[in-house]
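Heads up, final-v4.tsv below (TSV, N, CA and C atoms and all ligand atoms):
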```tsv
chain	number	residue	atom	x	y	z
A	580	MET	N	-27.11	35.12	66.04
A	580	MET	CA	-25.85	34.39	66.19
A	580	MET	C	-24.96	34.66	64.98
A	581	ASN	N	-23.69	34.87	65.25
A	581	ASN	CA	-22.73	35.07	64.17
A	581	ASN	C	-22.59	33.77	63.38
A	582	ALA	N	-22.83	33.84	62.07
A	582	ALA	CA	-22.85	32.63	61.25
A	582	ALA	C	-21.50	31.91	61.25
A	583	VAL	N	-20.44	32.68	61.15
A	583	VAL	CA	-19.11	32.06	61.12
A	583	VAL	C	-18.83	31.36	62.45
A	584	LYS	N	-19.21	32.00	63.56
A	584	LYS	CA	-19.00	31.40	64.89
A	584	LYS	C	-19.81	30.10	65.01
A	585	PHE	N	-21.04	30.12	64.53
A	585	PHE	CA	-21.88	28.92	64.58
A	585	PHE	C	-21.19	27.76	63.86
A	586	LEU	N	-20.69	28.03	62.68
A	586	LEU	CA	-20.07	26.96	61.89
A	586	LEU	C	-18.77	26.48	62.51
A	587	LEU	N	-17.96	27.41	63.01
A	587	LEU	CA	-16.70	27.02	63.64
A	587	LEU	C	-16.95	26.25	64.93
A	588	ASP	N	-17.97	26.67	65.69
A	588	ASP	CA	-18.32	25.96	66.93
A	588	ASP	C	-18.73	24.52	66.62
A	589	PHE	N	-19.51	24.35	65.55
A	589	PHE	CA	-19.96	23.00	65.19
A	589	PHE	C	-18.76	22.11	64.88
A	590	LEU	N	-17.88	22.61	64.04
A	590	LEU	CA	-16.74	21.78	63.61
A	590	LEU	C	-15.75	21.54	64.75
A	591	ALA	N	-15.68	22.47	65.71
A	591	ALA	CA	-14.69	22.36	66.79
A	591	ALA	C	-15.17	21.48	67.94
A	592	LYS	N	-16.39	20.98	67.90
A	592	LYS	CA	-16.89	20.16	69.01
A	592	LYS	C	-15.99	18.93	69.18
A	593	PRO	N	-15.65	18.59	70.43
A	593	PRO	CA	-14.70	17.51	70.66
A	593	PRO	C	-15.17	16.15	70.15
A	594	GLU	N	-16.47	15.94	70.06
A	594	GLU	CA	-16.97	14.65	69.59
A	594	GLU	C	-16.88	14.51	68.07
A	595	ASN	N	-16.60	15.60	67.38
A	595	ASN	CA	-16.51	15.54	65.92
A	595	ASN	C	-15.16	14.97	65.49
A	596	VAL	N	-15.21	13.99	64.62
A	596	VAL	CA	-14.00	13.48	63.97
A	596	VAL	C	-14.10	13.96	62.53
A	597	LEU	N	-13.10	14.71	62.11
A	597	LEU	CA	-13.20	15.38	60.81
A	597	LEU	C	-12.58	14.58	59.67
A	598	THR	N	-13.11	14.81	58.48
A	598	THR	CA	-12.52	14.28	57.25
A	598	THR	C	-11.38	15.21	56.84
A	599	SER	N	-10.64	14.80	55.84
A	599	SER	CA	-9.71	15.74	55.21
A	599	SER	C	-10.55	16.73	54.41
A	600	ALA	N	-9.97	17.88	54.09
A	600	ALA	CA	-10.68	18.88	53.29
A	600	ALA	C	-11.00	18.31	51.90
A	601	LYS	N	-10.08	17.51	51.36
A	601	LYS	CA	-10.28	16.92	50.02
A	601	LYS	C	-11.46	15.94	50.03
A	602	HIS	N	-11.54	15.15	51.09
A	602	HIS	CA	-12.65	14.21	51.24
A	602	HIS	C	-13.98	14.96	51.31
A	603	ALA	N	-14.02	16.02	52.12
A	603	ALA	CA	-15.25	16.81	52.26
A	603	ALA	C	-15.66	17.41	50.91
A	604	ARG	N	-14.69	17.90	50.16
A	604	ARG	CA	-15.01	18.49	48.84
A	604	ARG	C	-15.58	17.42	47.91
A	605	ALA	N	-15.05	16.22	47.97
A	605	ALA	CA	-15.55	15.13	47.12
A	605	ALA	C	-16.99	14.77	47.51
A	606	ARG	N	-17.28	14.76	48.82
A	606	ARG	CA	-18.66	14.50	49.24
A	606	ARG	C	-19.60	15.59	48.74
A	607	VAL	N	-19.18	16.84	48.88
A	607	VAL	CA	-20.04	17.96	48.45
A	607	VAL	C	-20.27	17.91	46.94
A	608	ALA	N	-19.27	17.45	46.19
A	608	ALA	CA	-19.45	17.31	44.73
A	608	ALA	C	-20.57	16.31	44.44
A	609	VAL	N	-20.65	15.25	45.24
A	609	VAL	CA	-21.74	14.29	45.09
A	609	VAL	C	-23.07	14.98	45.40
A	610	CYS	N	-23.09	15.75	46.48
A	610	CYS	CA	-24.32	16.47	46.86
A	610	CYS	C	-24.80	17.39	45.74
A	611	HIS	N	-23.87	18.04	45.07
A	611	HIS	CA	-24.24	18.98	44.01
A	611	HIS	C	-25.02	18.29	42.88
A	612	GLY	N	-24.82	16.99	42.71
A	612	GLY	CA	-25.55	16.25	41.68
A	612	GLY	C	-26.78	15.54	42.20
A	613	CYS	N	-27.14	15.82	43.44
A	613	CYS	CA	-28.23	15.08	44.10
A	613	CYS	C	-29.55	15.86	44.05
A	614	ASP	N	-30.64	15.13	43.92
A	614	ASP	CA	-31.97	15.76	43.89
A	614	ASP	C	-32.38	16.34	45.24
A	615	LYS	N	-31.68	15.99	46.30
A	615	LYS	CA	-32.02	16.50	47.64
A	615	LYS	C	-31.18	17.71	48.05
A	616	PHE	N	-30.29	18.15	47.18
A	616	PHE	CA	-29.45	19.30	47.50
A	616	PHE	C	-30.26	20.58	47.30
A	617	GLY	N	-30.16	21.49	48.26
A	617	GLY	CA	-30.92	22.74	48.16
A	617	GLY	C	-30.47	23.73	49.20
A	618	LYS	N	-31.43	24.44	49.79
A	618	LYS	CA	-31.13	25.43	50.83
A	618	LYS	C	-31.60	24.90	52.18
A	619	VAL	N	-30.78	25.13	53.21
A	619	VAL	CA	-31.15	24.72	54.57
A	619	VAL	C	-30.99	25.92	55.50
A	620	GLU	N	-31.65	25.86	56.65
A	620	GLU	CA	-31.59	26.95	57.62
A	620	GLU	C	-31.27	26.35	58.99
A	621	PRO	N	-29.97	26.06	59.27
A	621	PRO	CA	-29.61	25.39	60.52
A	621	PRO	C	-29.94	26.20	61.77
A	622	VAL	N	-29.90	27.51	61.65
A	622	VAL	CA	-30.37	28.40	62.72
A	622	VAL	C	-31.17	29.50	62.03
A	623	PRO	N	-32.12	30.11	62.73
A	623	PRO	CA	-32.95	31.13	62.10
A	623	PRO	C	-32.11	32.23	61.42
A	624	MET	N	-32.52	32.59	60.22
A	624	MET	CA	-31.89	33.67	59.44
A	624	MET	C	-30.54	33.29	58.84
A	625	LEU	N	-30.15	32.02	58.95
A	625	LEU	CA	-28.90	31.58	58.35
A	625	LEU	C	-29.23	30.52	57.30
A	626	VAL	N	-29.35	30.94	56.05
A	626	VAL	CA	-29.72	30.05	54.95
A	626	VAL	C	-28.46	29.71	54.15
A	627	LEU	N	-28.22	28.41	54.00
A	627	LEU	CA	-27.00	27.95	53.35
A	627	LEU	C	-27.31	26.80	52.39
A	628	PRO	N	-26.43	26.54	51.42
A	628	PRO	CA	-26.59	25.34	50.61
A	628	PRO	C	-26.40	24.10	51.48
A	629	GLY	N	-27.23	23.09	51.25
A	629	GLY	CA	-27.07	21.88	52.07
A	629	GLY	C	-28.04	20.79	51.68
A	630	CYS	N	-28.13	19.80	52.53
A	630	CYS	CA	-28.98	18.62	52.29
A	630	CYS	C	-30.37	18.88	52.86
A	631	THR	N	-31.37	18.85	52.00
A	631	THR	CA	-32.73	19.12	52.46
A	631	THR	C	-33.33	17.93	53.22
A	632	LEU	N	-32.69	16.77	53.17
A	632	LEU	CA	-33.19	15.63	53.94
A	632	LEU	C	-32.81	15.74	55.41
A	633	CYS	N	-31.53	16.02	55.67
A	633	CYS	CA	-31.09	16.09	57.07
A	633	CYS	C	-31.01	17.53	57.58
A	634	GLY	N	-31.04	18.50	56.68
A	634	GLY	CA	-30.99	19.90	57.09
A	634	GLY	C	-29.60	20.41	57.40
A	635	CYS	N	-28.58	19.63	57.03
A	635	CYS	CA	-27.21	20.03	57.35
A	635	CYS	C	-26.58	20.86	56.23
A	636	PRO	N	-25.86	21.92	56.59
A	636	PRO	CA	-25.15	22.71	55.58
A	636	PRO	C	-24.03	21.90	54.93
A	637	ALA	N	-23.76	22.20	53.67
A	637	ALA	CA	-22.69	21.50	52.94
A	637	ALA	C	-21.31	21.80	53.51
A	638	ILE	N	-21.19	22.87	54.29
A	638	ILE	CA	-19.87	23.20	54.85
A	638	ILE	C	-19.67	22.64	56.26
A	639	THR	N	-20.64	21.85	56.76
A	639	THR	CA	-20.43	21.25	58.09
A	639	THR	C	-20.45	19.72	58.02
A	640	LYS	N	-21.61	19.12	57.85
A	640	LYS	CA	-21.71	17.66	57.94
A	640	LYS	C	-20.74	16.89	57.03
A	641	PRO	N	-20.57	17.28	55.77
A	641	PRO	CA	-19.62	16.53	54.93
A	641	PRO	C	-18.19	16.57	55.46
A	642	ARG	N	-17.90	17.49	56.36
A	642	ARG	CA	-16.53	17.62	56.91
A	642	ARG	C	-16.32	16.69	58.12
A	643	THR	N	-17.39	15.97	58.51
A	643	THR	CA	-17.27	15.09	59.68
A	643	THR	C	-17.37	13.61	59.31
A	644	LEU	N	-16.59	12.80	60.04
A	644	LEU	CA	-16.74	11.34	59.96
A	644	LEU	C	-17.67	10.85	61.06
A	645	LYS	N	-17.63	11.57	62.22
A	645	LYS	CA	-18.52	11.28	63.35
A	645	LYS	C	-18.92	12.61	63.96
A	646	TYR	N	-20.12	12.66	64.53
A	646	TYR	CA	-20.58	13.88	65.20
A	646	TYR	C	-21.63	13.53	66.23
A	647	TYR	N	-21.89	14.48	67.14
A	647	TYR	CA	-22.92	14.24	68.17
A	647	TYR	C	-24.28	14.59	67.59
A	648	SER	N	-25.17	13.61	67.54
A	648	SER	CA	-26.52	13.82	67.03
A	648	SER	C	-27.42	14.22	68.19
A	649	THR	N	-27.96	15.44	68.15
A	649	THR	CA	-28.87	15.88	69.21
A	649	THR	C	-30.17	15.08	69.14
A	650	GLU	N	-30.53	14.64	67.94
A	650	GLU	CA	-31.75	13.85	67.77
A	650	GLU	C	-31.62	12.49	68.45
A	651	LYS	N	-30.46	11.83	68.27
A	651	LYS	CA	-30.25	10.49	68.82
A	651	LYS	C	-29.61	10.50	70.20
A	652	GLY	N	-29.02	11.64	70.58
A	652	GLY	CA	-28.39	11.74	71.89
A	652	GLY	C	-27.10	10.96	72.01
A	653	GLU	N	-26.42	10.75	70.90
A	653	GLU	CA	-25.16	10.02	70.93
A	653	GLU	C	-24.30	10.39	69.72
A	654	VAL	N	-23.03	9.99	69.80
A	654	VAL	CA	-22.13	10.21	68.67
A	654	VAL	C	-22.47	9.19	67.58
A	655	VAL	N	-22.63	9.66	66.36
A	655	VAL	CA	-23.00	8.77	65.25
A	655	VAL	C	-22.01	8.95	64.10
A	656	GLU	N	-21.91	7.93	63.28
A	656	GLU	CA	-21.09	8.05	62.07
A	656	GLU	C	-21.85	8.87	61.05
A	657	THR	N	-21.17	9.76	60.38
A	657	THR	CA	-21.79	10.62	59.39
A	657	THR	C	-22.09	9.83	58.13
A	658	ALA	N	-23.32	9.94	57.64
A	658	ALA	CA	-23.69	9.25	56.41
A	658	ALA	C	-24.69	10.08	55.63
A	659	CYS	N	-24.69	9.87	54.35
A	659	CYS	CA	-25.69	10.49	53.49
A	659	CYS	C	-27.03	9.78	53.75
A	660	PRO	N	-28.10	10.54	53.98
A	660	PRO	CA	-29.39	9.92	54.34
A	660	PRO	C	-30.32	9.62	53.17
A	661	HIS	N	-29.81	9.65	51.95
A	661	HIS	CA	-30.71	9.50	50.79
A	661	HIS	C	-31.48	8.18	50.86
A	662	GLU	N	-32.76	8.24	50.51
A	662	GLU	CA	-33.62	7.04	50.62
A	662	GLU	C	-33.22	5.94	49.61
A	663	ASP	N	-32.47	6.30	48.59
A	663	ASP	CA	-31.99	5.29	47.64
A	663	ASP	C	-30.68	4.64	48.11
A	664	GLY	N	-30.17	5.11	49.25
A	664	GLY	CA	-28.91	4.58	49.76
A	664	GLY	C	-27.88	5.68	49.91
A	665	ASN	N	-26.83	5.38	50.63
A	665	ASN	CA	-25.78	6.35	50.94
A	665	ASN	C	-25.02	6.74	49.67
A	666	LYS	N	-25.28	7.95	49.19
A	666	LYS	CA	-24.64	8.39	47.94
A	666	LYS	C	-23.16	8.73	48.13
A	667	TRP	N	-22.70	8.82	49.37
A	667	TRP	CA	-21.29	9.09	49.64
A	667	TRP	C	-20.48	7.80	49.75
A	668	ALA	N	-21.12	6.65	49.67
A	668	ALA	CA	-20.44	5.38	49.97
A	668	ALA	C	-19.16	5.18	49.16
A	669	GLU	N	-19.24	5.37	47.86
A	669	GLU	CA	-18.05	5.15	47.02
A	669	GLU	C	-16.95	6.16	47.32
A	670	THR	N	-17.34	7.41	47.51
A	670	THR	CA	-16.37	8.46	47.85
A	670	THR	C	-15.71	8.15	49.19
A	671	ASP	N	-16.51	7.76	50.17
A	671	ASP	CA	-15.95	7.46	51.49
A	671	ASP	C	-14.97	6.29	51.42
A	672	LYS	N	-15.30	5.27	50.64
A	672	LYS	CA	-14.39	4.12	50.50
A	672	LYS	C	-13.04	4.58	49.96
A	673	LYS	N	-13.08	5.50	49.02
A	673	LYS	CA	-11.87	5.98	48.38
A	673	LYS	C	-10.98	6.77	49.37
A	674	PHE	N	-11.62	7.53	50.26
A	674	PHE	CA	-10.86	8.42	51.12
A	674	PHE	C	-10.62	7.90	52.54
A	675	ILE	N	-11.40	6.94	52.98
A	675	ILE	CA	-11.42	6.59	54.41
A	675	ILE	C	-10.05	6.15	54.92
A	676	ASN	N	-9.30	5.40	54.14
A	676	ASN	CA	-7.99	4.95	54.60
A	676	ASN	C	-6.98	6.09	54.65
A	677	GLN	N	-7.22	7.14	53.88
A	677	GLN	CA	-6.32	8.30	53.92
A	677	GLN	C	-6.55	9.13	55.16
A	678	ASN	N	-7.77	9.03	55.77
A	678	ASN	CA	-8.10	9.83	56.95
A	678	ASN	C	-7.62	9.17	58.24
A	679	THR	N	-7.38	7.87	58.21
A	679	THR	CA	-7.04	7.16	59.45
A	679	THR	C	-5.55	6.87	59.53
B	701	LIG	S1	-29.07	13.05	50.24
B	701	LIG	FE1	-26.85	12.66	50.41
B	701	LIG	S2	-25.96	13.27	48.45
B	701	LIG	FE2	-28.01	14.15	48.61
B	701	LIG	S3	-27.69	16.22	49.40
B	701	LIG	FE3	-28.13	14.86	51.15
B	701	LIG	S4	-26.10	14.18	51.90
B	701	LIG	FE4	-25.83	15.04	49.81
```
Now, as a test, write the supplied structure out as structure tokens.
Amino acid sequence: MNAVKFLLDFLAKPENVLTSAKHARARVAVCHGCDKFGKVEPVPMLVLPGCTLCGCPAITKPRTLKYYSTEKGEVVETACPHEDGNKWAETDKKFINQNT
């Protein structure tokens, strides 16, 4: 699968509600300081920087406010899954009113 097509297809899904680019960058900055940040392989042979807890690439999930979860079978709000709590919470509070 073409990696660029995979990523564009993910972001273009109608159920996805996107953040601003600035908001996504702020979330990724938080990820860069996180102990769970590393390499993920969302599809075979496509290794990208991302969250090792949820397996999402840093260039997809942080760009969404809502997305369709294949695991849950429904549209869910995007959140950081860290076991110590949502590390994006403060960043999201700062940006959320600018997105709506
Ligand atoms: S646990 Fe949260 S902050 Fe850490 S890499 Fe995953 S999404 Fe980013």
How close does each residue of chain A get to ligand LIG 701 (chain B), giving the shortest atom pair and distance in Å to one decimal for every residue with an atom at most 6.5 Å away, counting all atoms listed in the file, sorted by chain and residue number, as CSV?
```
residue,atom,partner,partner_atom,distance
A:Arg606,C,B:LIG701,FE4,6.3
A:Val609,C,B:LIG701,S2,4.5
A:Cys610,CA,B:LIG701,FE4,3.6
A:His611,N,B:LIG701,FE4,5.9
A:Cys613,CA,B:LIG701,FE2,4.6
A:Asp614,N,B:LIG701,FE2,5.5
A:Lys615,C,B:LIG701,S3,4.0
A:Phe616,N,B:LIG701,S3,3.9
A:Gly617,N,B:LIG701,S3,5.9
A:Gly629,C,B:LIG701,S3,5.1
A:Cys630,CA,B:LIG701,S3,4.0
A:Thr631,N,B:LIG701,FE3,5.2
A:Leu632,N,B:LIG701,FE3,5.3
A:Cys633,N,B:LIG701,FE3,5.8
A:Ala658,C,B:LIG701,S4,5.7
A:Cys659,CA,B:LIG701,FE1,3.9
A:Pro660,N,B:LIG701,FE1,4.3
A:His661,N,B:LIG701,S1,3.9
A:Glu662,N,B:LIG701,S1,6.1
A:Asn665,C,B:LIG701,FE1,6.2
A:Lys666,CA,B:LIG701,S2,5.1
A:Trp667,N,B:LIG701,S2,5.6
```
Residues of chain A in strand (DSSP E) according to DSSP, as an MDAnalysis selection string?
chainID A and resid 596:597 616:622 625:630 643:648 653:656
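The environment of Asp671 (chain A) within 12 Å, counting only C-alpha atoms and disregarding residues fewer than 5 places along the same chain, consists of Thr598, Ser599, Lys601, His602, Ala603, Arg604, Ala605, Arg606, Val607, Val609, Pro641, Arg642, Thr643, Leu644, Glu656, Thr657, Ala658, Cys659, Asn665, Lys666, Asn676, Gln677, Asn678 and Thr679 of chain A.
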At a cut-off of 12 Å, using only C-alpha atoms, what residues contact Ser648 (chain A)? Leave out same-chain residues fewer than 3 positions from it and give the result as a PyMOL selection string.
chain A and resi 589+592+594-595+633+635+640+643+645+651-658
Correct to one decimal, the distance CA of Pro593 (chain A)-CA of Pro621 (chain A) is 19.7 Å
Grab all the atoms of region 591-600 of chain A that the file lists, wrap them in a box along x, y and z, add 6 Å per side, and give me centre plus edge lengths in Å (one decimal) as lines of an AutoDock Vina configuration file.
```
center_x = -13.3
center_y = 18.0
center_z = 61.3
size_x = 19.3
size_y = 21.0
size_z = 30.8
```
Run DSSP on the backbone and tell me which residues of region 590-675 of chain A come out as alpha helix (DSSP H); list them as a list in words.
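Assigned to alpha helix (DSSP H), within region 590-675 of chain A: Leu590, Ala591, Ala600, Lys601, His602, Ala603, Arg604, Ala605, Arg606, Val607, Ala608, Val609, Cys610, His611, Ala668, Glu669, Thr670, Asp671, Lys672, Lys673, Phe674 and Ile675 of chain A.
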To one decimal place, how far is atom N of Leu597 (chain A) from atom C of Ala637 (chain A) in Å?
13.8 Å
Students should find that CA of Val626 (chain A) and CA of Ile675 (chain A) are spaced 29.8 Å
Extract region 613-628 of chain A from the coordinates I pasted, and write it as a PDB file, in the first residue's frame (atoms kept: N, CA and C atoms).
```pdb
ATOM      1  N   CYS A 613       7.151  12.206  25.767  1.00  0.00           N
ATOM      2  CA  CYS A 613       6.472  11.115  26.480  1.00  0.00           C
ATOM      3  C   CYS A 613       7.277   9.817  26.417  1.00  0.00           C
ATOM      4  N   ASP A 614       7.222   9.050  27.489  1.00  0.00           N
ATOM      5  CA  ASP A 614       7.935   7.762  27.543  1.00  0.00           C
ATOM      6  C   ASP A 614       7.318   6.709  26.621  1.00  0.00           C
ATOM      7  N   LYS A 615       6.122   6.956  26.120  1.00  0.00           N
ATOM      8  CA  LYS A 615       5.461   5.983  25.234  1.00  0.00           C
ATOM      9  C   LYS A 615       5.644   6.309  23.748  1.00  0.00           C
ATOM     10  N   PHE A 616       6.363   7.376  23.451  1.00  0.00           N
ATOM     11  CA  PHE A 616       6.586   7.752  22.056  1.00  0.00           C
ATOM     12  C   PHE A 616       7.682   6.872  21.467  1.00  0.00           C
ATOM     13  N   GLY A 617       7.446   6.366  20.265  1.00  0.00           N
ATOM     14  CA  GLY A 617       8.434   5.484  19.632  1.00  0.00           C
ATOM     15  C   GLY A 617       8.092   5.243  18.182  1.00  0.00           C
ATOM     16  N   LYS A 618       8.275   4.009  17.734  1.00  0.00           N
ATOM     17  CA  LYS A 618       7.974   3.633  16.347  1.00  0.00           C
ATOM     18  C   LYS A 618       6.730   2.751  16.326  1.00  0.00           C
ATOM     19  N   VAL A 619       5.871   2.992  15.336  1.00  0.00           N
ATOM     20  CA  VAL A 619       4.667   2.168  15.171  1.00  0.00           C
ATOM     21  C   VAL A 619       4.600   1.684  13.728  1.00  0.00           C
ATOM     22  N   GLU A 620       3.833   0.624  13.504  1.00  0.00           N
ATOM     23  CA  GLU A 620       3.701   0.048  12.161  1.00  0.00           C
ATOM     24  C   GLU A 620       2.204  -0.130  11.874  1.00  0.00           C
ATOM     25  N   PRO A 621       1.517   0.954  11.449  1.00  0.00           N
ATOM     26  CA  PRO A 621       0.066   0.883  11.249  1.00  0.00           C
ATOM     27  C   PRO A 621      -0.352  -0.099  10.160  1.00  0.00           C
ATOM     28  N   VAL A 622       0.491  -0.279   9.169  1.00  0.00           N
ATOM     29  CA  VAL A 622       0.297  -1.326   8.161  1.00  0.00           C
ATOM     30  C   VAL A 622       1.670  -1.961   7.932  1.00  0.00           C
ATOM     31  N   PRO A 623       1.702  -3.220   7.512  1.00  0.00           N
ATOM     32  CA  PRO A 623       2.993  -3.889   7.331  1.00  0.00           C
ATOM     33  C   PRO A 623       3.950  -3.080   6.446  1.00  0.00           C
ATOM     34  N   MET A 624       5.196  -3.000   6.883  1.00  0.00           N
ATOM     35  CA  MET A 624       6.275  -2.333   6.147  1.00  0.00           C
ATOM     36  C   MET A 624       6.191  -0.805   6.181  1.00  0.00           C
ATOM     37  N   LEU A 625       5.278  -0.260   6.972  1.00  0.00           N
ATOM     38  CA  LEU A 625       5.184   1.192   7.100  1.00  0.00           C
ATOM     39  C   LEU A 625       5.461   1.550   8.557  1.00  0.00           C
ATOM     40  N   VAL A 626       6.712   1.896   8.858  1.00  0.00           N
ATOM     41  CA  VAL A 626       7.128   2.210  10.220  1.00  0.00           C
ATOM     42  C   VAL A 626       7.252   3.727  10.355  1.00  0.00           C
ATOM     43  N   LEU A 627       6.553   4.262  11.353  1.00  0.00           N
ATOM     44  CA  LEU A 627       6.494   5.717  11.531  1.00  0.00           C
ATOM     45  C   LEU A 627       6.641   6.075  13.003  1.00  0.00           C
ATOM     46  N   PRO A 628       7.033   7.313  13.307  1.00  0.00           N
ATOM     47  CA  PRO A 628       7.006   7.757  14.698  1.00  0.00           C
ATOM     48  C   PRO A 628       5.560   7.804  15.190  1.00  0.00           C
TER      49      PRO A 628
END
```
